Structure formats: C-alpha cells, structure tokens
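Student: Before I ask anything, let me first share the structure, which is written out below as structure tokens.
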Amino acid sequence: MIDGLHIATDEIVITNGALEALNLCLMAVTRPGDTVLIESPTFYAALQSIERMGLRTVEVPSHPRDGIDLNAMEWALERHKPKACWLMTNFQNPLGSLLSDDKKKALVTLLTKHQVPLIEDDVYGELYFGDKRPIPAKAFDTEGLVMHCSSFSKCLAPGYRVGWVATGRYSKVIERLKLTTTLSASVPAQVALAKYLQKGGYDKHLRNLRHTLLVNQIKFIEAIERYFPEGTRLTTPQGGYFLWVKLPDGVNALEIHRMALANGISIAPGPIFSAQRGFTDYIRLNYGHIWDARIEASIATLGAIVKDLIP
Ligand SMILES: Cc1ncc(COP(=O)(O)O)c(C=O)c1O
C-alpha cells in the first residue's frame with residue numbers, strides 16, 4: 001500500500017528523490033524533439049528537464065484552485081500529439097491547486113483515450129488540511145499509463161534523497177534507465193527510513209506537520225491581507241506549502257524578487273514557472289517556515305516593496 005494505492009512491489013522503483021523518478025519517467029516515454037504537455041504555471045524543474053532533454057512543451061492553463069483546464073488539454077492533445085503529460089494533481093507547486101476526484105478521473109480517461117502517459121508528481125499529497133489524503137490520479141488508471149512519483153523529501157527529510165515511482169506499464173524501461181544512470185538509490189538512507197517507519201512515529205509526525213503548515217498558512221494569509229496593498233489576490237490552498245499571490249496590476253515580480261533579496265527575503269517570481277516567462281505579476285510564497293516576529297516583519301517589508309512598485 002503506497003499513498004492510498006495498492007501497488008505490487010515489483011512495480012516500484014526507488015530513486016534519488018522524486019526528481020530522479022520524474023526524470024526517469026520522462027526519459028522512458030520521450031525522444032528528443034517530442035512534445036510534452038505541462039500545466040501552466042508549472043514546477044520549474046519540469047521546464048528544466050524538458051529543455052535539457054531536447055523536448056518541446058505545450059503549456060495548458062491551470063486554475064489556481066481547481067488545477068488544469070481539461071477542455072484546453074483536450075484541444076492540446078488533438079493539436080500537438082504530445083508523447084507525455086507531466087503534472088501535479090495534489091497541492092500543485094506553485095498554485096497549491098487540487099484536482100477533485102472527478103477531475104482526476106476525467107483526466108485519466110482523457111489521456112487514456114489519446115494513449116498519452118501521465119507523469120504524476122505527488123510530492124505534497126500527504127500534506128492535506130482536510131479529513132483524508134487526496135487520492136492520486138493513478139487510482140483511476142486501468143491501463144498502466146500513469147507513472148506516480150513521490151518521495152520523503154517534503155514530508156520528512158529532504159537530505160535523504162529517497163523517492164520512488166510506481167511505474168505502471170513502463171516498469172522494464174524505467175528499471176533499465178535507473179540501472180544505466182545511477183544504478184540504485186542509497187541503501188543506508190533507505191534502511192534508516194525503513195527503521196524509522198517501522199517504529200510507527202511517521203503518522204504522528206505527519207499530523208504535526210499538517211497542523212503546523214495549516215497554522216502557518218492562516219498566519220501568512222492574515223499578514224498578506226494586513227500588509228499588502230489593495231489589488232493583491234490569493235487563493236487558500238487545502239494543503240501543501242505554497243501561496244500563489246497575484247500582485248496589483250503592473251507590479252513586476254522579478255523586480256520584487258530583486259528587492260526582496262536585497263532585504264534578505266526569498267520569494268519565487270512568477271516567470272520562473274512558465275516556459276513563456278509569463279506570470280510577471282505573480283509571486284509564490286512558501287509558508288513552510290515556523291511563524292514568528294521575523295517572518296511577520298518580512299511580509300510587512302514585502303508588502304511595502306509591492307506598494308512602492310505599483311505603477
Ligand atoms: C513539485 C515538486 N516536485 C518534485 C520535487 C523534487 O522532490 P525531491 O526533493 O524528492 O527530488 C520538488 C522539490 O522542490 C517539488 O517541489
């Protein structure tokens with residue numbers, strides 16, 4: 001049982017973090033020159049991988065709350081004949097969006113109709129604020145077309161670099177790619193994690209982490225409402241680490257990024273999440289930091305910077 005899915009152990013390949021899992025999947029189903037369908041905005045490492053492998057992107061718009069637009073996706077599938085689709089179903093980075101179960105099912109049905117494999121990045125799925133873990137799209141996969149990737153990086157320990165992929169019908173090719181690139185994931189790290197999991201403290205740890213993240217999110221949103229100028233908009237994600245903030249019209253996110261850094265504050269500007277360098281008036285904030293007076297002061301400073309940059 002993994003992430004709410006019943007997966008045979010020989011379908012799982014252990015990797016060096018989720019990023020290696022995602023890259024292996026992409027290598028398994030594409031050749032240079034192929035087109036890959038991604039959501040927009042998207043996790044910037046997806047853009048980097050696609051570029052490095054000589055692939056083309058088709059960006060499909062994603063709603064900040066409900067995720068990828070399936071009508072636009074259907075059109076893109078017909079028009080561009082992509083060889084893979086790479087996206088996040090649960091608490092997307094940077095949007096924080098969550099696809100409903102119905103939408104996940106419709107997504108898998110659509111991709112199955114076109115026989116396009118889905119590379120599902122689910123690294124934040126455990127970090128839900130509701131009653132139960134949202135299921136992955138993989139749960140609706142009947143033909144082995146979904147490769148479900150995750151890791152312990154976001155929930156427990158980034159430094160261990162232990163991730164995995166449930167490979168669907170691509171087991172053989174992913175196993176071969178893993179063997180011929182990095183051979184295996186670190187065994188001592190896996191043993192340490194296995195011992196930790198056997199002790200039974202992981203569920204309690206996750207409950208605490210979810211609670212901390214929810215409290216942080218509430219504090220962040222309150223502070224943004226207090227310190228940011230009128231015209232700022234944001235959604236309230238139901239899990240994960242991120243707030244996707246729309247700045248007042250005309251405020252340049254790259255400029256905000258530069259001035260924030262000069263004040264010792266790190267934010268992610270919208271354009272890094274798009275191959276077209278769009279989202280120039282959006283920023284992503286990470287509320288994973290424990291709330292304290294220093295964080296509040298940083299948000300106040302950020303709000304003042306945004307105000308100054310309103311044209
Ligand atoms: C959306 C997303 N996917 C994948 C990763 C990579 O995860 P890992 O550290 O397990 O390689 C990250 C890390 O930032 C991420 O934000």
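Ordering of the structure tokens sets the chain letters (A, B, ...); residue numbers start at 1 within each chain; ligands are numbered from 1 in the order shown.
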Fewer than 6 positions away in the same chain doesn't count, so skip those; otherwise give me all residues within 10 Å of Gly239 of chain A, counting only C-alpha atoms, as a list of chain:residue names.
Tutor: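 Final neighbour list, sorted by chain and number: A:Asn90, A:Phe91, A:Gln92, A:Gly96, A:Ser97, A:Leu98, A:Tyr124, A:Gly125, A:Glu126, A:Leu127, A:Tyr128, A:Phe129, A:Gly130, A:Arg133, A:Pro134, A:Arg210, A:Leu213, A:Leu214, A:Gln217.
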Student: Need the shell around Glu255 of chain A: protein/DNA/RNA residues with any atom at most 10 Å away, counting only C-alpha atoms. Skip same-chain ones fewer than 6 positions apart. Format as a PyMOL selection string?
Tutor: chain A and resi 261+269+280-281+305-306+309
Student: Could those residues be written to a file, using C-alpha atoms, as a PDB file, in the first residue's frame?
Tutor:
ATOM      1  CA  LEU A 261      16.601  39.505  -1.853  1.00  0.00           C
ATOM      2  CA  PRO A 269       8.813  35.208  -9.010  1.00  0.00           C
ATOM      3  CA  THR A 280       5.038  38.620 -14.449  1.00  0.00           C
ATOM      4  CA  ASP A 281       2.721  39.932 -11.737  1.00  0.00           C
ATOM      5  CA  ILE A 305       8.076  46.857  -1.588  1.00  0.00           C
ATOM      6  CA  VAL A 306       4.987  45.847  -3.589  1.00  0.00           C
ATOM      7  CA  LEU A 309       6.331  49.326  -7.191  1.00  0.00           C
TER       8      LEU A 309
END
Student: Neighbouring residues of Asp249 of chain A were defined as those with any atom within 9 Å, considering only C-alpha atoms; residues of the same chain fewer than 5 positions away were excluded. Please report them as a PyMOL selection string.
Tutor: chain A and resi 231-232+281+310-311
Student: Which polymer residues have any atom within 9 Å of an atom of Ser274 of chain A, counting only C-alpha atoms, with same-chain residues fewer than 4 positions away left out, as a compact mmCIF listing (two decimals) with C-alpha atoms, in the first residue's frame?
Tutor:
# COMPACT_ATOMS: atom_id res chain seq x y z
CA GLU A 39 0.35 22.75 -16.85
CA SER A 40 0.92 26.47 -16.65
CA PRO A 41 2.26 27.66 -14.28
CA THR A 42 4.37 24.61 -13.54
CA PHE A 43 7.19 23.44 -11.22
CA TYR A 44 10.32 24.97 -12.78
CA LEU A 47 10.74 23.02 -17.51
CA GLU A 59 1.54 24.71 -21.76
CA GLY A 270 6.03 34.03 -11.37
CA GLY A 278 4.54 34.72 -18.15
CA PHE A 279 3.02 35.42 -14.74
Student: Which residues in segment 31-130 of chain A does DSSP call strand (DSSP E or B)? List them as a list in words.
Tutor: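 Selecting the strand (DSSP E or B) positions of segment 31-130 of chain A gives Thr35, Val36, Leu37, Ile38, Glu39, Ser40, Arg56, Thr57, Val58, Glu59, Val60, Pro61, Ser62, His63, Gly67, Ile68, Ala84, Cys85, Trp86, Leu87, Met88, Asn90, Leu98, Leu118, Ile119, Glu120, Asp121 and Tyr128 of chain A.
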Student: List all protein, DNA and RNA residues that have an atom no more than 7 Å from any atom of ligand 1, counting only C-alpha atoms and all ligand atoms, and report them as a PyMOL selection string.
Tutor: chain A and resi 16-20+43+92-93+121+123+150-154+158+161-163
Student: May I have the residues within 12 Å of Glu51 of chain A as a ChimeraX atom specification, using only C-alpha atoms and disregarding those fewer than 4 positions away in the same chain?
Tutor: /A:23,26,32-36,44-47,55-57,275
Student: Just C-alpha atoms for this one: save the residues we selected as a CSV table (one decimal), in the first residue's frame.
Tutor:
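Wrote result.csv, looks like this:
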chain,number,residue,atom,x,y,z
A,23,ASN,CA,13.2,12.5,-15.0
A,26,LEU,CA,10.2,11.5,-18.9
A,32,PRO,CA,14.4,14.4,-28.4
A,33,GLY,CA,12.1,16.6,-30.4
A,34,ASP,CA,8.9,15.1,-28.9
A,35,THR,CA,6.3,17.3,-27.3
A,36,VAL,CA,5.3,17.2,-23.6
A,44,TYR,CA,10.3,25.0,-12.8
A,45,ALA,CA,12.3,21.7,-12.6
A,46,ALA,CA,9.9,20.2,-15.1
A,47,LEU,CA,10.7,23.0,-17.5
A,55,LEU,CA,11.8,18.3,-25.8
A,56,ARG,CA,9.1,20.8,-26.7
A,57,THR,CA,6.5,22.0,-24.3
A,275,ALA,CA,8.4,28.4,-20.5
Student: Of the candidates A:Ala28, A:Leu206, A:Leu37, A:Ala166, which shows the shortest atom-to-atom distance to His6 of chain A, using only C-alpha atoms?
Tutor: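 With only C-alpha atoms as the atom set, the closest residue is A:Ala166.
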Student: Between A:Asn208, A:Gln238, A:Ser186, A:Asn263, which has the minimum distance to Ala304 of chain A (counting only C-alpha atoms)?
Tutor: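 Distance minimum relative to Ala304 of chain A lands on A:Asn263.
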Student: Skip Leu179 of chain A itself and residues of its chain fewer than 5 positions away, then list as a VMD selection string all residues within 12 Å of it, counting only C-alpha atoms.
Tutor: chain A and resid 13 to 15 24 172 to 174 184 to 185
Student: For Trp244 of chain A, list every protein, DNA or RNA residue within 9 Å, evaluated using only C-alpha atoms, and leave out those in the same chain fewer than 5 positions away; present the list as a PDB file with N, CA and C atoms, in the first residue's frame.
Tutor:
ATOM      1  N   PRO A  64      -5.994  28.402 -10.353  1.00  0.00           N
ATOM      2  CA  PRO A  64      -5.312  28.434  -9.059  1.00  0.00           C
ATOM      3  C   PRO A  64      -5.947  27.530  -7.991  1.00  0.00           C
ATOM      4  N   ASN A  93       2.620  22.833  -7.164  1.00  0.00           N
ATOM      5  CA  ASN A  93       3.670  23.834  -6.996  1.00  0.00           C
ATOM      6  C   ASN A  93       3.773  24.581  -8.334  1.00  0.00           C
ATOM      7  N   PRO A  94       3.453  25.878  -8.409  1.00  0.00           N
ATOM      8  CA  PRO A  94       3.325  26.854  -7.336  1.00  0.00           C
ATOM      9  C   PRO A  94       1.893  27.187  -6.886  1.00  0.00           C
ATOM     10  N   LEU A  95       0.846  26.655  -7.548  1.00  0.00           N
ATOM     11  CA  LEU A  95      -0.506  27.182  -7.302  1.00  0.00           C
ATOM     12  C   LEU A  95      -1.116  26.763  -5.968  1.00  0.00           C
ATOM     13  N   GLY A  96      -0.781  25.541  -5.519  1.00  0.00           N
ATOM     14  CA  GLY A  96      -1.487  24.981  -4.370  1.00  0.00           C
ATOM     15  C   GLY A  96      -2.814  24.358  -4.784  1.00  0.00           C
ATOM     16  N   ARG A 233      -4.318  39.543  -4.742  1.00  0.00           N
ATOM     17  CA  ARG A 233      -5.307  38.454  -4.623  1.00  0.00           C
ATOM     18  C   ARG A 233      -4.594  37.136  -4.384  1.00  0.00           C
ATOM     19  N   LEU A 234      -5.258  36.258  -3.653  1.00  0.00           N
ATOM     20  CA  LEU A 234      -4.664  34.932  -3.470  1.00  0.00           C
ATOM     21  C   LEU A 234      -5.746  33.912  -3.160  1.00  0.00           C
ATOM     22  N   THR A 235      -5.418  32.621  -3.369  1.00  0.00           N
ATOM     23  CA  THR A 235      -6.366  31.563  -3.019  1.00  0.00           C
ATOM     24  C   THR A 235      -5.921  30.945  -1.693  1.00  0.00           C
ATOM     25  N   THR A 236      -6.750  30.071  -1.157  1.00  0.00           N
ATOM     26  CA  THR A 236      -6.416  29.403   0.103  1.00  0.00           C
ATOM     27  C   THR A 236      -6.271  27.900  -0.184  1.00  0.00           C
ATOM     28  N   GLY A 270       6.877  34.786 -10.442  1.00  0.00           N
ATOM     29  CA  GLY A 270       6.026  34.031 -11.374  1.00  0.00           C
ATOM     30  C   GLY A 270       6.703  33.532 -12.635  1.00  0.00           C
ATOM     31  N   TYR A 282       2.916  37.787 -10.614  1.00  0.00           N
ATOM     32  CA  TYR A 282       2.618  36.791  -9.574  1.00  0.00           C
ATOM     33  C   TYR A 282       3.899  36.453  -8.819  1.00  0.00           C
ATOM     34  N   ILE A 283       3.726  36.133  -7.538  1.00  0.00           N
ATOM     35  CA  ILE A 283       4.855  35.560  -6.783  1.00  0.00           C
ATOM     36  C   ILE A 283       4.360  34.342  -5.998  1.00  0.00           C
ATOM     37  N   ARG A 284       5.285  33.434  -5.716  1.00  0.00           N
ATOM     38  CA  ARG A 284       4.962  32.287  -4.867  1.00  0.00           C
ATOM     39  C   ARG A 284       5.639  32.470  -3.523  1.00  0.00           C
ATOM     40  N   LEU A 285       4.846  32.346  -2.458  1.00  0.00           N
ATOM     41  CA  LEU A 285       5.411  32.407  -1.108  1.00  0.00           C
ATOM     42  C   LEU A 285       5.346  31.019  -0.487  1.00  0.00           C
TER      43      LEU A 285
END
